[in-house]
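I have placed the structure first, in the form of structure tokens, so that the comments after it can refer back to it.
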Amino acid sequence: MIPLYAQDHDYSKYNVLAVDDIPINLLLVQKMLARYNFTLRTAANGQQALDAIAEQKPDLILLDLMMPVVDGFEVIRRLKENPETADINIVILSALNSNEDVVKGFSLGANDFIMKPIIMERLLTCVSTQLQLVEAKKK
């Protein structure tokens with residue numbers, strides 16, 4: 001169920017990047033978010049994500065932590081250190097769910113943390129909330 005405040009909102013102007021090294025997870029996120037009209041791009045690892053962000057800055061990143069090449073923690077660190085990307089909202093989607101992992105993610109600058117397996121209503125609520133925060137920043 002889409003949150004009531006998000007049902008009539010136009011998301012077509014937003015660009016979202018989903019990052020996960022497991023293709024089925026990316027497909028699942030795409031299916032869960034299909035009802036929104038934003039542009040959804042994907043990356044299979046942290047380096048691909050950083051390259052995609054350099055090419056076109058997203059409004060929101062849905063980021064796995066455990067990935068080859070460059071892990072999610074390092075992606076967050078690099079993005080938050082760069083003034084050009086420091087303001088991008090980041091939602092961690094991860095099976096890593098120890099208190100240490102959650103605290104580390106938030107301390108690096110993540111805006112939210114969703115533990116896998118992903119529950120559709122939680123993801124929909126989180127994405128709509130984060131995009132509303134993006135909109136509020138622009139005002």
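Order determines the names: the first chain of the structure tokens is A, the second B, and so forth; residues in each chain are numbered 1 upward, and ligands are numbered 1 upward as they are shown.
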Restrict the calculation to only C-alpha atoms, then for each residue of region 82-134 of chain A with any atom at most 10 Å from an atom of region 17-39 of chain A give the closest atom pair and their distance in Å to one decimal, rows by chain and rising residue number, as a Markdown table.
```
| residue | atom | partner | partner_atom | distance |
| --- | --- | --- | --- | --- |
| A:Ile90 | CA | A:Leu17 | CA | 9.5 |
| A:Val91 | CA | A:Ala18 | CA | 9.5 |
| A:Ile92 | CA | A:Val19 | CA | 9.5 |
| A:Leu93 | CA | A:Asp20 | CA | 8.7 |
| A:Ser94 | CA | A:Asp20 | CA | 9.2 |
| A:Lys116 | CA | A:Asn25 | CA | 9.7 |
| A:Pro117 | CA | A:Asn25 | CA | 9.5 |
| A:Ile118 | CA | A:Val29 | CA | 8.5 |
| A:Ile119 | CA | A:Met32 | CA | 9.2 |
| A:Met120 | CA | A:Met32 | CA | 6.1 |
| A:Glu121 | CA | A:Met32 | CA | 8.9 |
| A:Leu123 | CA | A:Met32 | CA | 7.9 |
| A:Leu124 | CA | A:Leu33 | CA | 7.0 |
| A:Val127 | CA | A:Leu33 | CA | 8.7 |
| A:Ser128 | CA | A:Tyr36 | CA | 9.1 |
```
- Residue neighbourhood region 57-60 of chain A, 8 Å, only C-alpha atoms, exclusion window fewer than 3 positions, as a ChimeraX atom specification: /A:14-17,52-54,85,88-91,130-131,134
- Task: For Asp101 (chain A), please output as a VMD selection string all residues within 12 Å (counting only C-alpha atoms; exclusion window: fewer than 5 positions along the same chain).
- Result: chain A and resid 64 to 66 72 to 73 92 to 96 106 to 108 110 113 to 115
Please produce a file of those selected residues containing C-alpha atoms, as an mmCIF file, in the first residue's frame.
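Below is the file out12.cif, written as the result:
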```
data_model
loop_
_atom_site.group_PDB
_atom_site.id
_atom_site.type_symbol
_atom_site.label_atom_id
_atom_site.label_comp_id
_atom_site.auth_asym_id
_atom_site.auth_seq_id
_atom_site.Cartn_x
_atom_site.Cartn_y
_atom_site.Cartn_z
ATOM 1 C CA ASP A 64 23.267 -2.488 -0.484
ATOM 2 C CA LEU A 65 26.288 -2.730 1.818
ATOM 3 C CA MET A 66 27.864 -6.096 0.983
ATOM 4 C CA GLY A 72 28.278 0.302 0.395
ATOM 5 C CA PHE A 73 30.002 1.853 3.395
ATOM 6 C CA ILE A 92 20.630 1.391 2.946
ATOM 7 C CA LEU A 93 18.961 -1.907 1.948
ATOM 8 C CA SER A 94 21.000 -4.641 3.587
ATOM 9 C CA ALA A 95 21.040 -8.023 5.263
ATOM 10 C CA LEU A 96 23.772 -6.631 7.521
ATOM 11 C CA PHE A 106 23.954 6.388 9.871
ATOM 12 C CA SER A 107 27.234 7.844 11.135
ATOM 13 C CA LEU A 108 28.594 7.880 7.583
ATOM 14 C CA ALA A 110 22.782 7.399 5.398
ATOM 15 C CA PHE A 113 18.200 1.743 6.883
ATOM 16 C CA ILE A 114 15.923 -1.042 5.656
ATOM 17 C CA MET A 115 16.856 -4.583 6.623
#
```
- Item | strand (DSSP E) positions in chain A, given as a PyMOL selection string | chain A and resi 15-19+39-43+60-63+89-94+112-115
- Message: Based on the backbone DSSP call, show me all residues of chain A assigned helix (DSSP H, G or I), as a count of residues only.
- Response: 62
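Proximity ranking of A:Gln56, A:Ser12, A:Gln47, A:Asn99 relative to Arg78 (chain A) places A:Gln47 first, based on only C-alpha atoms.
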- Item | Minimum-distance residue to Asp87 (chain A), chosen among A:Ala49, A:Ala43, A:Ile61, A:Cys126 (using only C-alpha atoms) |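 Counting only C-alpha atoms, the residue closest to Asp87 (chain A) is A:Ile61.
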- Separation of CA of Leu62 (chain A) from CA of Lys138 (chain A), in Å and rounded to one decimal: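 That distance, rounded to one decimal, is 20.2 Å.
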- Task: Using CA of Glu55 (chain A) and CA of Glu84 (chain A) as the two end points, give the distance in Å to one decimal.
- Result: 12.2 Å
- CA of Pro83 (chain A) to CA of Lys104 (chain A), distance in Å rounded to a single decimal: 20.4 Å
